[in-house]
Amino acid sequence: MEEHGLFPALTADFPEKSAVLEDEHRRIESVPAEANGPFLTDPERPDRLIAALDLLRDHILKEQDGVFLAALAYLSTEQWEAVEAVRARVGTRIPEPST
């Protein structure tokens with residue numbers, strides 16, 4: 001959701017940081033995508049998987065300690081409404097609480 005909601009809203013103020021985070025998403029996503037191919041027998045695959053998990057950990061911290069705080073400080077009400085519209089459109093994997 002960050003790529004379609006938060007990153008575009010923050011790109012005007014933080015273009016380089018947004019580009020780095022989007023690139024990290026691509027790099028992280030590429031390793032699990034290898035799981036259905038001939039890469040399974042590649043002896044370097046475990047190293048790529050470990051590197052992707054390390055990148056994912058660092059990426060999560062960047063979002064938690066940077067992107068989300070910047071969003072709180074910089075985004076207008078209209079921008080938050082646009083982010084919420086994206087979230088509503090793409091959904092979430094968090095289950096709704098049972099009543």
# chains A, B, ... in the order shown; residues from 1 in each chain; ligands from 1

call {"tool": "residues_around", "arguments": {"residues": "region 3-19 of chain A", "least_positions_apart": "4", "cutoff": "12 Å", "atoms": "only C-alpha atoms", "output": "ChimeraX atom specification"}}
result
/A:23-26,59,62-63,66-91

call {"tool": "write_last_selection", "arguments": {"atoms": "N, CA and C atoms", "output": "compact mmCIF listing (two decimals), in the first residue's frame"}}
result
# COMPACT_ATOMS: atom_id res chain seq x y z
N ASP A 23 12.59 1.01 -4.74
CA ASP A 23 13.57 0.06 -5.26
C ASP A 23 13.76 -1.11 -4.29
N GLU A 24 13.77 -0.83 -3.01
CA GLU A 24 13.90 -1.90 -2.02
C GLU A 24 12.71 -2.85 -2.10
N HIS A 25 11.53 -2.33 -2.30
CA HIS A 25 10.35 -3.20 -2.48
C HIS A 25 10.60 -4.17 -3.63
N ARG A 26 11.09 -3.67 -4.77
CA ARG A 26 11.35 -4.53 -5.94
C ARG A 26 12.38 -5.61 -5.62
N HIS A 59 14.40 -2.20 5.87
CA HIS A 59 13.35 -1.45 5.18
C HIS A 59 12.17 -1.17 6.11
N LYS A 62 13.07 1.64 8.33
CA LYS A 62 13.01 2.93 7.62
C LYS A 62 11.58 3.43 7.54
N GLU A 63 10.67 2.52 7.21
CA GLU A 63 9.27 2.93 7.12
C GLU A 63 8.74 3.30 8.50
N GLY A 66 10.85 6.45 9.74
CA GLY A 66 11.02 7.57 8.83
C GLY A 66 9.76 7.91 8.06
N VAL A 67 9.32 6.99 7.23
CA VAL A 67 8.20 7.27 6.34
C VAL A 67 6.94 7.61 7.13
N PHE A 68 6.60 6.77 8.09
CA PHE A 68 5.35 6.99 8.81
C PHE A 68 5.39 8.26 9.65
N LEU A 69 6.54 8.56 10.23
CA LEU A 69 6.66 9.81 10.99
C LEU A 69 6.61 11.03 10.07
N ALA A 70 7.28 10.93 8.91
CA ALA A 70 7.23 12.02 7.94
C ALA A 70 5.81 12.23 7.45
N ALA A 71 5.10 11.13 7.21
CA ALA A 71 3.72 11.25 6.75
C ALA A 71 2.87 11.98 7.77
N LEU A 72 3.05 11.65 9.03
CA LEU A 72 2.28 12.34 10.08
C LEU A 72 2.59 13.83 10.12
N ALA A 73 3.84 14.18 9.86
CA ALA A 73 4.26 15.57 9.94
C ALA A 73 3.93 16.38 8.69
N TYR A 74 3.96 15.74 7.51
CA TYR A 74 3.90 16.49 6.26
C TYR A 74 2.59 16.41 5.50
N LEU A 75 1.86 15.32 5.64
CA LEU A 75 0.69 15.16 4.79
C LEU A 75 -0.50 15.99 5.27
N SER A 76 -1.19 16.55 4.29
CA SER A 76 -2.39 17.33 4.58
C SER A 76 -3.58 16.39 4.77
N THR A 77 -4.68 16.94 5.21
CA THR A 77 -5.90 16.15 5.36
C THR A 77 -6.30 15.53 4.03
N GLU A 78 -6.20 16.30 2.95
CA GLU A 78 -6.57 15.79 1.63
C GLU A 78 -5.66 14.64 1.22
N GLN A 79 -4.37 14.75 1.53
CA GLN A 79 -3.45 13.67 1.18
C GLN A 79 -3.76 12.41 1.99
N TRP A 80 -4.09 12.57 3.28
CA TRP A 80 -4.46 11.41 4.10
C TRP A 80 -5.73 10.76 3.56
N GLU A 81 -6.65 11.58 3.11
CA GLU A 81 -7.88 11.02 2.53
C GLU A 81 -7.57 10.22 1.27
N ALA A 82 -6.61 10.70 0.46
CA ALA A 82 -6.21 9.97 -0.74
C ALA A 82 -5.53 8.66 -0.36
N VAL A 83 -4.69 8.69 0.67
CA VAL A 83 -4.03 7.46 1.15
C VAL A 83 -5.08 6.48 1.64
N GLU A 84 -6.06 6.96 2.37
CA GLU A 84 -7.12 6.09 2.88
C GLU A 84 -7.94 5.50 1.72
N ALA A 85 -8.15 6.27 0.68
CA ALA A 85 -8.88 5.76 -0.48
C ALA A 85 -8.10 4.62 -1.14
N VAL A 86 -6.80 4.75 -1.21
CA VAL A 86 -5.97 3.67 -1.76
C VAL A 86 -6.07 2.44 -0.87
N ARG A 87 -5.97 2.63 0.44
CA ARG A 87 -6.06 1.51 1.37
C ARG A 87 -7.40 0.80 1.23
N ALA A 88 -8.44 1.57 1.08
CA ALA A 88 -9.77 0.98 0.93
C ALA A 88 -9.88 0.20 -0.39
N ARG A 89 -9.21 0.70 -1.43
CA ARG A 89 -9.26 0.04 -2.72
C ARG A 89 -8.44 -1.24 -2.74
N VAL A 90 -7.23 -1.20 -2.18
CA VAL A 90 -6.35 -2.39 -2.24
C VAL A 90 -6.59 -3.32 -1.07
N GLY A 91 -7.21 -2.83 -0.02
CA GLY A 91 -7.51 -3.68 1.12
C GLY A 91 -6.32 -3.85 2.04

call {"tool": "closest_atom_pairs", "arguments": {"of": "region 21-45 of chain A", "to": "region 50-55 of chain A", "cutoff": "10 Å", "atoms": "only C-alpha atoms", "output": "JSON lines"}}
result
{"residue": "A:Glu24", "atom": "CA", "partner": "A:Leu55", "partner_atom": "CA", "distance": 7.5}
{"residue": "A:His25", "atom": "CA", "partner": "A:Leu55", "partner_atom": "CA", "distance": 9.4}
{"residue": "A:Arg27", "atom": "CA", "partner": "A:Ala52", "partner_atom": "CA", "distance": 7.2}
{"residue": "A:Ile28", "atom": "CA", "partner": "A:Ala52", "partner_atom": "CA", "distance": 5.3}
{"residue": "A:Glu29", "atom": "CA", "partner": "A:Ala52", "partner_atom": "CA", "distance": 8.4}
{"residue": "A:Ser30", "atom": "CA", "partner": "A:Ala52", "partner_atom": "CA", "distance": 8.7}
{"residue": "A:Val31", "atom": "CA", "partner": "A:Ala52", "partner_atom": "CA", "distance": 6.8}
{"residue": "A:Pro32", "atom": "CA", "partner": "A:Ala52", "partner_atom": "CA", "distance": 8.9}
{"residue": "A:Arg45", "atom": "CA", "partner": "A:Ile50", "partner_atom": "CA", "distance": 8.6}

call {"tool": "write_last_selection", "arguments": {"atoms": "N, CA and C atoms", "output": "mmCIF file, in the first residue's frame"}}
result
data_model
loop_
_atom_site.group_PDB
_atom_site.id
_atom_site.type_symbol
_atom_site.label_atom_id
_atom_site.label_comp_id
_atom_site.auth_asym_id
_atom_site.auth_seq_id
_atom_site.Cartn_x
_atom_site.Cartn_y
_atom_site.Cartn_z
ATOM 1 N N GLU A 24 13.772 -0.828 -3.005
ATOM 2 C CA GLU A 24 13.898 -1.895 -2.019
ATOM 3 C C GLU A 24 12.714 -2.851 -2.097
ATOM 4 N N HIS A 25 11.528 -2.326 -2.304
ATOM 5 C CA HIS A 25 10.354 -3.202 -2.477
ATOM 6 C C HIS A 25 10.598 -4.171 -3.630
ATOM 7 N N ARG A 27 13.454 -5.194 -4.925
ATOM 8 C CA ARG A 27 14.517 -6.152 -4.604
ATOM 9 C C ARG A 27 14.031 -7.214 -3.630
ATOM 10 N N ILE A 28 13.248 -6.826 -2.648
ATOM 11 C CA ILE A 28 12.720 -7.779 -1.664
ATOM 12 C C ILE A 28 11.750 -8.741 -2.340
ATOM 13 N N GLU A 29 10.885 -8.222 -3.196
ATOM 14 C CA GLU A 29 9.879 -9.049 -3.869
ATOM 15 C C GLU A 29 10.500 -10.033 -4.863
ATOM 16 N N SER A 30 11.671 -9.724 -5.388
ATOM 17 C CA SER A 30 12.257 -10.573 -6.422
ATOM 18 C C SER A 30 12.726 -11.928 -5.887
ATOM 19 N N VAL A 31 13.148 -11.992 -4.647
ATOM 20 C CA VAL A 31 13.694 -13.245 -4.115
ATOM 21 C C VAL A 31 12.610 -14.297 -3.891
ATOM 22 N N PRO A 32 11.503 -13.988 -3.225
ATOM 23 C CA PRO A 32 10.462 -15.022 -3.104
ATOM 24 C C PRO A 32 9.895 -15.442 -4.460
ATOM 25 N N ARG A 45 21.177 -19.157 -3.882
ATOM 26 C CA ARG A 45 19.829 -18.740 -3.494
ATOM 27 C C ARG A 45 19.692 -18.512 -1.993
#

call {"tool": "select_by_dssp", "arguments": {"residues": "chain A", "states": "helix (DSSP H, G or I)", "output": "PDB file with C-alpha atoms, in the first residue's frame"}}
result
ATOM      1  CA  LEU A   6       2.167   7.065   1.056  1.00  0.00           C
ATOM      2  CA  PHE A   7       5.137   7.112  -1.323  1.00  0.00           C
ATOM      3  CA  PRO A   8       3.397   9.225  -3.995  1.00  0.00           C
ATOM      4  CA  ALA A   9       2.156  11.634  -1.323  1.00  0.00           C
ATOM      5  CA  LEU A  10       5.673  12.028   0.102  1.00  0.00           C
ATOM      6  CA  THR A  11       7.604  12.066  -3.177  1.00  0.00           C
ATOM      7  CA  PRO A  15      11.931  12.169  -3.898  1.00  0.00           C
ATOM      8  CA  GLU A  16      15.242  10.367  -3.337  1.00  0.00           C
ATOM      9  CA  LYS A  17      14.074   8.533  -0.224  1.00  0.00           C
ATOM     10  CA  SER A  18      10.839   7.467  -1.914  1.00  0.00           C
ATOM     11  CA  ALA A  19      12.775   6.128  -4.900  1.00  0.00           C
ATOM     12  CA  VAL A  20      15.100   4.139  -2.626  1.00  0.00           C
ATOM     13  CA  LEU A  21      12.183   2.607  -0.723  1.00  0.00           C
ATOM     14  CA  GLU A  22      10.376   1.662  -3.933  1.00  0.00           C
ATOM     15  CA  ASP A  23      13.573   0.057  -5.260  1.00  0.00           C
ATOM     16  CA  GLU A  24      13.898  -1.895  -2.019  1.00  0.00           C
ATOM     17  CA  HIS A  25      10.354  -3.202  -2.477  1.00  0.00           C
ATOM     18  CA  ARG A  26      11.347  -4.532  -5.938  1.00  0.00           C
ATOM     19  CA  ARG A  27      14.517  -6.152  -4.604  1.00  0.00           C
ATOM     20  CA  ILE A  28      12.720  -7.779  -1.664  1.00  0.00           C
ATOM     21  CA  GLU A  29       9.879  -9.049  -3.869  1.00  0.00           C
ATOM     22  CA  SER A  30      12.257 -10.573  -6.422  1.00  0.00           C
ATOM     23  CA  VAL A  31      13.694 -13.245  -4.115  1.00  0.00           C
ATOM     24  CA  PRO A  32      10.462 -15.022  -3.104  1.00  0.00           C
ATOM     25  CA  ALA A  33       9.409 -14.874  -6.758  1.00  0.00           C
ATOM     26  CA  GLU A  34      12.322 -17.229  -7.524  1.00  0.00           C
ATOM     27  CA  ALA A  35      10.712 -19.988  -5.457  1.00  0.00           C
ATOM     28  CA  ASN A  36       8.803 -21.388  -8.435  1.00  0.00           C
ATOM     29  CA  PRO A  38      15.005 -23.323 -11.569  1.00  0.00           C
ATOM     30  CA  PHE A  39      16.605 -21.066  -8.991  1.00  0.00           C
ATOM     31  CA  LEU A  40      15.742 -23.576  -6.257  1.00  0.00           C
ATOM     32  CA  THR A  41      18.861 -25.559  -7.077  1.00  0.00           C
ATOM     33  CA  ARG A  45      19.829 -18.740  -3.494  1.00  0.00           C
ATOM     34  CA  PRO A  46      20.099 -19.110   0.309  1.00  0.00           C
ATOM     35  CA  ASP A  47      22.484 -16.143   0.389  1.00  0.00           C
ATOM     36  CA  ARG A  48      20.062 -14.037  -1.710  1.00  0.00           C
ATOM     37  CA  LEU A  49      17.214 -15.026   0.602  1.00  0.00           C
ATOM     38  CA  ILE A  50      19.180 -14.044   3.706  1.00  0.00           C
ATOM     39  CA  ALA A  51      20.192 -10.743   2.062  1.00  0.00           C
ATOM     40  CA  ALA A  52      16.555 -10.052   1.152  1.00  0.00           C
ATOM     41  CA  LEU A  53      15.446 -10.740   4.734  1.00  0.00           C
ATOM     42  CA  ASP A  54      18.171  -8.425   6.053  1.00  0.00           C
ATOM     43  CA  LEU A  55      17.036  -5.738   3.603  1.00  0.00           C
ATOM     44  CA  LEU A  56      13.414  -6.312   4.625  1.00  0.00           C
ATOM     45  CA  ARG A  57      14.272  -5.803   8.304  1.00  0.00           C
ATOM     46  CA  ASP A  58      16.127  -2.554   7.535  1.00  0.00           C
ATOM     47  CA  HIS A  59      13.346  -1.454   5.178  1.00  0.00           C
ATOM     48  CA  ILE A  60      10.673  -1.973   7.833  1.00  0.00           C
ATOM     49  CA  LEU A  61      12.688   0.167  10.248  1.00  0.00           C
ATOM     50  CA  LYS A  62      13.014   2.927   7.622  1.00  0.00           C
ATOM     51  CA  GLU A  63       9.270   2.927   7.121  1.00  0.00           C
ATOM     52  CA  GLN A  64       8.507   2.718  10.839  1.00  0.00           C
ATOM     53  CA  ASP A  65      11.019   5.350  11.933  1.00  0.00           C
ATOM     54  CA  GLY A  66      11.015   7.570   8.835  1.00  0.00           C
ATOM     55  CA  VAL A  67       8.195   7.267   6.341  1.00  0.00           C
ATOM     56  CA  PHE A  68       5.347   6.988   8.806  1.00  0.00           C
ATOM     57  CA  LEU A  69       6.665   9.811  10.994  1.00  0.00           C
ATOM     58  CA  ALA A  70       7.226  12.024   7.944  1.00  0.00           C
ATOM     59  CA  ALA A  71       3.721  11.247   6.746  1.00  0.00           C
ATOM     60  CA  LEU A  72       2.281  12.338  10.079  1.00  0.00           C
ATOM     61  CA  ALA A  73       4.255  15.575   9.943  1.00  0.00           C
ATOM     62  CA  TYR A  74       3.902  16.493   6.265  1.00  0.00           C
ATOM     63  CA  THR A  77      -5.903  16.146   5.363  1.00  0.00           C
ATOM     64  CA  GLU A  78      -6.570  15.794   1.634  1.00  0.00           C
ATOM     65  CA  GLN A  79      -3.451  13.673   1.180  1.00  0.00           C
ATOM     66  CA  TRP A  80      -4.458  11.411   4.096  1.00  0.00           C
ATOM     67  CA  GLU A  81      -7.880  11.020   2.535  1.00  0.00           C
ATOM     68  CA  ALA A  82      -6.210   9.969  -0.743  1.00  0.00           C
ATOM     69  CA  VAL A  83      -4.028   7.464   1.148  1.00  0.00           C
ATOM     70  CA  GLU A  84      -7.122   6.091   2.877  1.00  0.00           C
ATOM     71  CA  ALA A  85      -8.879   5.758  -0.485  1.00  0.00           C
ATOM     72  CA  VAL A  86      -5.971   3.669  -1.763  1.00  0.00           C
ATOM     73  CA  ARG A  87      -6.056   1.507   1.368  1.00  0.00           C
ATOM     74  CA  ALA A  88      -9.774   0.981   0.925  1.00  0.00           C
ATOM     75  CA  ARG A  89      -9.264   0.042  -2.722  1.00  0.00           C
ATOM     76  CA  VAL A  90      -6.355  -2.386  -2.243  1.00  0.00           C
TER      77      VAL A  90
END
